[in-house]
$ cat work.txt   # compact mmCIF, C-alpha atoms
# COMPACT_ATOMS: atom_id res chain seq x y z
CA MET A 499 0.00 0.00 0.00
CA GLY A 500 1.19 3.52 -0.75
CA SER A 501 1.32 6.59 1.46
CA ARG A 502 -1.93 8.20 2.60
CA TYR A 503 -2.86 11.74 1.61
CA PHE A 504 -5.81 13.73 2.90
CA ILE A 505 -7.60 16.57 1.08
CA VAL A 506 -9.68 19.16 2.94
CA TYR A 507 -11.78 21.66 1.01
CA THR A 508 -14.36 24.39 1.48
CA VAL A 509 -17.80 23.86 -0.02
CA ARG A 510 -18.31 27.60 -0.26
CA LYS A 511 -16.28 27.66 -3.46
CA PRO A 512 -17.58 25.22 -6.13
CA LYS A 513 -14.25 25.41 -7.96
CA ALA A 514 -12.50 24.20 -4.81
CA VAL A 515 -14.81 21.18 -4.70
CA GLU A 516 -14.09 20.42 -8.36
CA LYS A 517 -10.35 20.79 -7.85
CA ALA A 518 -10.45 18.51 -4.80
CA ARG A 519 -12.06 15.77 -6.92
CA GLU A 520 -9.47 16.30 -9.66
CA LEU A 521 -6.56 16.08 -7.23
CA GLU A 522 -8.07 13.03 -5.56
CA MET A 523 -8.20 11.17 -8.89
CA MET A 524 -4.68 12.25 -9.75
CA ILE A 525 -3.29 10.93 -6.46
CA LYS A 526 -5.21 7.66 -6.76
CA ASN A 527 -3.93 7.14 -10.29
CA ARG A 528 -0.39 7.42 -8.90
CA GLY A 529 -1.10 4.45 -6.63
CA PHE A 530 -1.45 6.33 -3.34
CA ILE A 531 -4.21 6.20 -0.73
CA VAL A 532 -6.22 9.43 -0.62
CA ASP A 533 -9.35 10.69 1.09
CA SER A 534 -11.12 14.01 0.59
CA MET A 535 -13.61 15.69 2.89
CA GLN A 536 -15.19 19.10 3.34
CA ILE A 537 -13.88 21.08 6.29
CA GLU A 538 -17.04 20.83 8.43
CA ASP A 539 -17.03 17.02 8.23
CA THR A 540 -13.27 16.95 8.81
CA VAL A 541 -13.63 18.94 12.04
CA GLU A 542 -16.23 16.41 13.21
CA ARG A 543 -14.45 13.22 12.12
CA GLY A 544 -10.79 14.18 12.32
CA ILE A 545 -7.72 13.66 10.15
CA PRO A 546 -6.13 10.17 9.98
CA ALA A 547 -3.00 9.96 12.12
CA ASP A 548 -1.06 8.17 9.37
CA THR A 549 -1.55 11.00 6.87
CA GLU A 550 1.62 11.60 4.85
CA ALA A 551 0.58 15.12 3.83
CA LEU A 552 -2.50 17.29 4.17
CA ILE A 553 -3.77 19.28 1.18
CA VAL A 554 -6.04 22.23 2.06
CA LEU A 555 -8.17 23.96 -0.57
CA GLY A 556 -9.81 27.12 0.69
CA GLY A 557 -8.93 30.32 2.46
CA ASP A 558 -7.21 31.17 5.72
CA GLY A 559 -10.25 30.09 7.75
CA THR A 560 -10.25 26.61 6.22
CA LEU A 561 -6.54 26.29 6.99
CA LEU A 562 -6.87 27.45 10.61
CA LYS A 563 -9.68 24.98 11.30
CA SER A 564 -7.61 22.19 9.75
CA VAL A 565 -4.58 23.06 11.86
CA SER A 566 -6.66 22.94 15.06
CA ILE A 567 -7.45 19.23 14.52
CA LEU A 568 -4.08 17.98 13.27
CA PRO A 569 -3.30 14.65 14.99
CA ARG A 570 0.42 15.54 15.02
CA PRO A 571 2.34 18.72 14.12
CA SER A 572 4.79 16.96 11.81
CA ILE A 573 2.16 16.37 9.11
CA PRO A 574 3.18 18.70 6.26
CA ILE A 575 0.46 20.92 4.81
CA LEU A 576 0.11 22.09 1.22
CA THR A 577 -2.22 25.09 0.97
CA ILE A 578 -4.10 25.95 -2.23
CA ASN A 579 -5.78 29.35 -2.33
CA TYR A 580 -9.53 29.58 -2.81
CA GLY A 581 -10.04 32.38 -0.30
CA ARG A 582 -10.82 36.06 -0.65
CA GLY A 583 -7.36 37.04 0.56
CA GLY A 584 -5.63 33.74 1.17
CA TYR A 585 -2.64 35.34 2.85
CA LEU A 586 -1.63 32.05 4.44
CA MET A 587 -2.15 29.99 1.29
CA GLU A 588 0.93 28.96 -0.68
CA VAL A 589 -0.27 27.93 -4.15
CA GLU A 590 -2.74 29.48 -6.58
CA PRO A 591 -5.24 27.08 -8.23
CA GLU A 592 -3.58 27.18 -11.64
CA ARG A 593 -0.39 25.76 -10.11
CA SER A 594 -2.10 23.14 -7.96
CA LEU A 595 -1.57 20.09 -10.19
CA LYS A 596 2.15 20.76 -10.50
CA ALA A 597 2.41 21.45 -6.78
CA VAL A 598 0.73 18.18 -5.81
CA GLU A 599 2.91 16.32 -8.29
CA ASP A 600 5.98 17.83 -6.61
CA VAL A 601 4.65 16.75 -3.21
CA LEU A 602 4.13 13.17 -4.39
CA GLU A 603 7.69 13.16 -5.75
CA GLY A 604 9.12 14.71 -2.56
CA ARG A 605 10.26 17.91 -4.28
CA TYR A 606 9.54 20.41 -1.53
CA GLU A 607 10.88 22.01 1.63
CA ILE A 608 9.35 22.17 5.10
CA GLU A 609 8.88 25.44 6.94
CA LYS A 610 8.01 25.12 10.62
CA ALA A 611 5.74 27.93 11.77
CA ILE A 612 5.62 28.74 15.46
CA MET A 613 2.39 29.04 17.41
CA LEU A 614 1.46 30.92 20.57
CA SER A 615 0.00 29.16 23.59
CA PHE A 616 -2.56 30.99 25.75
CA LEU A 617 -2.93 29.79 29.32
CA ILE A 618 -4.99 30.63 32.40
CA ASP A 619 -3.75 29.35 35.75
CA ARG A 620 -1.15 27.35 33.80
CA LYS A 621 -3.86 25.48 31.89
CA LYS A 622 -3.78 25.92 28.11
CA ILE A 623 -6.86 27.32 26.39
CA ALA A 624 -5.59 26.84 22.86
CA ASP A 625 -2.71 27.47 20.47
CA ALA A 626 -2.81 30.19 17.84
CA LEU A 627 -1.15 29.92 14.45
CA ASN A 628 -2.51 33.31 13.47
CA GLU A 629 -3.71 35.43 16.39
CA ALA A 630 -5.83 35.90 19.46
CA TYR A 631 -8.35 38.73 19.64
CA ILE A 632 -9.42 40.03 23.05
CA SER A 633 -12.46 42.29 23.36
CA THR A 634 -15.72 42.65 25.23
CA VAL A 635 -18.68 40.45 24.40
CA VAL A 636 -20.85 43.56 23.97
CA PRO A 637 -19.87 45.59 20.88
CA GLY A 638 -18.83 49.17 21.59
CA LYS A 639 -17.49 48.55 25.09
CA ILE A 640 -13.81 49.03 25.88
CA ILE A 641 -11.18 46.99 27.66
CA GLU A 642 -8.26 48.01 29.87
CA PHE A 643 -5.16 45.88 29.48
CA LYS A 644 -1.72 45.58 31.05
CA VAL A 645 1.25 43.65 29.67
CA GLU A 646 3.93 42.36 32.04
CA ARG A 647 7.10 40.30 31.66
CA ASN A 648 9.17 38.99 34.56
CA ASP A 649 6.89 40.97 36.91
CA VAL A 650 7.80 44.20 35.13
CA GLU A 651 5.05 46.20 33.44
CA LEU A 652 5.85 46.84 29.78
CA TYR A 653 2.83 48.93 28.90
CA ASN A 654 -0.88 49.36 29.43
CA GLY A 655 -3.75 50.88 27.52
CA VAL A 656 -7.44 51.28 26.90
CA GLY A 657 -9.18 50.48 23.64
CA ASP A 658 -11.72 48.46 21.72
CA ALA A 659 -9.59 45.30 21.62
CA LEU A 660 -6.10 43.83 21.68
CA ILE A 661 -4.62 41.49 19.05
CA ILE A 662 -1.80 39.11 19.95
CA SER A 663 -0.33 37.75 16.74
CA THR A 664 2.33 35.30 15.62
CA PRO A 665 4.81 36.42 12.96
CA LEU A 666 2.81 34.41 10.42
CA GLY A 667 -0.38 36.17 11.50
CA SER A 668 1.24 39.60 11.50
CA THR A 669 0.24 40.09 7.85
CA ALA A 670 -3.41 39.24 8.56
CA TYR A 671 -5.84 41.05 10.89
CA ALA A 672 -2.99 42.53 12.94
CA PHE A 673 -1.64 44.24 9.83
CA SER A 674 -5.09 45.61 8.96
CA ALA A 675 -5.29 47.08 12.46
CA GLY A 676 -2.02 48.96 11.94
CA GLY A 677 0.51 46.44 13.19
CA PRO A 678 3.90 45.71 11.58
CA ALA A 679 4.64 42.86 9.18
CA VAL A 680 7.10 40.61 11.01
CA ASP A 681 9.44 38.14 9.34
CA ASP A 682 8.44 34.51 9.95
CA HIS A 683 11.95 33.61 11.08
CA LEU A 684 11.66 35.82 14.17
CA GLU A 685 10.28 34.00 17.21
CA SER A 686 8.12 36.78 18.52
CA ALA A 687 4.63 37.95 19.38
CA VAL A 688 3.04 41.10 17.95
CA LEU A 689 0.71 43.10 20.19
CA VAL A 690 -1.64 45.45 18.34
CA PRO A 691 -4.13 47.69 20.21
CA VAL A 692 -7.37 48.19 18.27
CA CYS A 693 -8.61 51.80 18.30
CA PRO A 694 -6.68 52.72 21.48
CA LEU A 695 -7.91 55.62 23.58
CA THR A 696 -4.43 56.12 25.04
CA ASN A 697 -1.20 57.01 23.28
CA ILE A 698 0.13 53.52 22.64
CA ARG A 699 1.26 51.68 19.52
CA SER A 700 2.03 48.14 18.45
CA VAL A 701 4.98 46.32 20.00
CA VAL A 702 6.93 43.19 19.08
CA LEU A 703 8.02 40.97 21.97
CA SER A 704 10.60 38.20 21.91
CA LEU A 705 9.31 34.79 22.99
CA THR A 706 12.51 34.07 24.90
CA ASN A 707 10.46 34.84 28.02
CA ASN A 708 6.75 34.37 28.65
CA PHE A 709 4.57 37.39 29.33
CA THR A 710 1.15 38.03 30.83
CA ILE A 711 -1.79 40.14 29.75
CA THR A 712 -4.31 41.31 32.33
CA VAL A 713 -7.61 42.51 30.88
CA GLU A 714 -10.49 44.23 32.70
CA SER A 715 -13.80 45.71 31.64
CA ASN A 716 -17.18 46.64 33.10
CA THR A 717 -18.75 43.87 31.02
CA ASP A 718 -17.86 40.31 30.00
CA ILE A 719 -14.62 39.73 28.10
CA GLN A 720 -14.03 37.28 25.27
CA ILE A 721 -10.94 35.84 23.64
CA LEU A 722 -11.18 34.50 20.10
CA ILE A 723 -8.27 32.33 18.96
CA ASP A 724 -7.71 31.80 15.23
CA GLY A 725 -11.33 32.64 14.58
CA HIS A 726 -12.77 29.40 15.96
CA THR A 727 -11.89 28.93 19.65
CA GLN A 728 -13.85 31.30 21.88
CA ARG A 729 -13.79 31.70 25.65
CA THR A 730 -15.75 34.18 27.76
CA PHE A 731 -14.77 35.62 31.14
CA LYS A 732 -16.52 37.74 33.78
CA LYS A 733 -15.04 41.24 33.53
CA TYR A 734 -11.47 40.09 34.28
CA VAL A 735 -8.94 37.68 32.84
CA LYS A 736 -5.20 37.17 33.18
CA LEU A 737 -3.55 35.32 30.31
CA GLU A 738 -0.09 33.87 30.10
CA VAL A 739 1.39 33.92 26.60
CA ARG A 740 4.27 31.67 25.58
CA LYS A 741 5.74 29.94 22.57
CA SER A 742 3.87 26.70 21.96
CA GLU A 743 5.68 23.39 22.17
CA ASP A 744 3.94 22.47 18.90
CA TYR A 745 4.39 23.95 15.46
CA VAL A 746 2.85 23.70 12.00
CA SER A 747 4.78 22.15 9.09
CA PHE A 748 4.09 23.96 5.83
CA ILE A 749 5.11 22.67 2.43
CA ARG A 750 7.14 25.30 0.60
CA PHE A 751 8.79 25.23 -2.79
CA ARG A 752 11.19 28.15 -2.36
CA ASP A 753 12.65 29.26 0.97
CA GLY A 754 11.58 32.76 1.97
CA GLU A 755 9.02 33.09 -0.80
CA SER A 756 6.04 32.76 1.57
CA PHE A 757 6.77 35.95 3.53
CA ALA A 758 7.59 37.87 0.35
CA ARG A 759 4.34 36.73 -1.26
CA ARG A 760 2.25 37.81 1.74
CA LEU A 761 3.97 41.21 1.82
CA LYS A 762 3.27 41.78 -1.87
CA LYS A 763 -0.38 40.85 -1.39
CA ARG A 764 -0.82 43.18 1.55
CA PHE A 765 0.93 46.18 0.03
CA LYS A 766 -0.79 45.66 -3.30
CA SER A 767 -4.22 45.77 -1.65

$ encode --input "work.txt" --output "structure tokens"
Amino acid sequence: MGSRYFIVYTVRKPKAVEKARELEMMIKNRGFIVDSMQIEDTVERGIPADTEALIVLGGDGTLLKSVSILPRPSIPILTINYGRGGYLMEVEPERSLKAVEDVLEGRYEIEKAIMLSFLIDRKKIADALNEAYISTVVPGKIIEFKVERNDVELYNGVGDALIISTPLGSTAYAFSAGGPAVDDHLESAVLVPVCPLTNIRSVVLSLTNNFTITVESNTDIQILIDGHTQRTFKKYVKLEVRKSEDYVSFIRFRDGESFARRLKKRFKS
């Protein structure tokens, strides 16, 4: 029996569904085992642990959901863009057949992307490949936040929300909110205040040391991680942020091209 491949796709884009079927037939004709499933069913049923490589057809949301259910971080992921922006997606649809052929032949490189772990009382809530977004549950209310490292206050502020982003996620929502684009090779976290009422700006923190974020409000607070993991707290929460022990393995065809491609997309738009 050959290696097993798994295809995840969004049903929101009919062309992604068609391409998934085409790629499935191509892989089968090469003598490999392959399964394909829409993202909603994949979240419910899971990804086989013996998957040789995961192929994701969709946008950033489809990818982030897929990453959250990976049975092991070493499974390499090929991303094919069928999203509106697709900033995290590596390959455009017209190059997908060649890209999958290269994967089957082993002609690719692996880029390990760091994730951030968010903990409360030393218990992990979730990991973020992209970002965490902290705000109030009620729209229009503000939060007060304080960032500390080694018991030293770095800064504090008041605003609509706070984004804590990975370098990979720095070119996504954090960038739209005015944050910097950070090179993927830097192990750091990007903190971006959203509509701050105080005179503060974005900061980039090394992940050499963990740091904490204390958030208060006069209403309930929520944290949304990678757009799919949500937790709600009563008016106060203290989060510990650290580099995750896990990572995500992306299939790349040219070293450094991923960051350059995302920069070009962002500055072009």

$ closest_residue --input "work.txt" --among "A:Ser747, A:Ser674, A:Ser756, A:Thr706" --to "A:Ile608" --atoms "all atoms listed in the file"
A:Ser747

$ closest_residue --input "work.txt" --among "A:Val656, A:Ile719, A:Met613, A:Pro637" --to "A:Ser566" --atoms "all atoms listed in the file"
A:Met613

$ residues_around --input "work.txt" --residues "A:Gly604" --least-positions-apart "5" --cutoff "12 Å" --atoms "all atoms listed in the file" --output "list in words"
Ser501, Glu550, Ala551, Pro574, Ala597, Val598, Glu599, Ile749, Arg750 and Phe751 of chain A

$ residues_around --input "work.txt" --residues "A:Leu737" --least-positions-apart "5" --cutoff "7 Å" --atoms "only C-alpha atoms" --output "list in words"
Phe616, Leu617, Ile618, Thr710, Ile711 and Thr712 of chain A

$ closest_residue --input "work.txt" --among "A:Arg764, A:Leu705, A:Thr634, A:Glu755" --to "A:Ser668" --atoms "only C-alpha atoms"
A:Arg764

$ closest_residue --input "work.txt" --among "A:Gly676, A:Leu521, A:Gly559, A:Ser700" --to "A:Arg593" --atoms "all atoms listed in the file"
A:Leu521

$ atom_distance --input "work.txt" --atom1 "atom CA of A:Leu602" --atom2 "atom CA of A:Ala547"
18.3 Å

$ residues_around --input "work.txt" --residues "stretch 571-573 of chain A" --least-positions-apart "5" --cutoff "12 Å" --atoms "all atoms listed in the file" --output "PyMOL selection string"
chain A and resi 502-504+545-553+564-566+608-613+625+627+742-749

$ residues_near_point --input "work.txt" --point "(-5.6, 47.0, 10.4)" --cutoff "12 Å" --atoms "only C-alpha atoms" --output "PyMOL selection string"
chain A and resi 660-661+668-679+690-693+700+764

$ residues_around --input "work.txt" --residues "A:Tyr653" --least-positions-apart "4" --cutoff "8 Å" --atoms "only C-alpha atoms" --output "JSON, numbers by chain"
{"A": [644, 645, 646]}

$ closest_residue --input "work.txt" --among "A:Ile723, A:Leu695, A:Val554, A:Leu652" --to "A:Asn628" --atoms "only C-alpha atoms"
A:Ile723

$ closest_residue --input "work.txt" --among "A:Gln720, A:Ser615, A:Ser663, A:Asn707" --to "A:Val688" --atoms "all atoms listed in the file"
A:Ser663

$ residues_around --input "work.txt" --residues "A:Val735" --least-positions-apart "3" --cutoff "7 Å" --atoms "only C-alpha atoms" --output "number ranges by chain"
A: 712-714, 731

$ atom_distance --input "work.txt" --atom1 "atom CA of A:Ser704" --atom2 "atom CA of A:Ile575"
26.3 Å

$ residues_near_point --input "work.txt" --point "(-13.0, 36.8, 24.4)" --cutoff "7 Å" --atoms "all atoms listed in the file" --output "list in words"
Tyr631, Ile632, Ser633, Thr634, Val635, Ile719, Gln720, Ile721, Leu722, Gln728, Arg729 and Thr730 of chain A

$ atom_distance --input "work.txt" --atom1 "atom CA of A:Phe765" --atom2 "atom CA of A:Ile662"
21.3 Å

$ axis_aligned_box --input "work.txt" --around "stretch 721-725 of chain A" --padding-each-side "3 Å" --output "AutoDock Vina command-line options"
--center_x -9.5 --center_y 33.8 --center_z 19.1 --size_x 9.6 --size_y 10.0 --size_z 15.1
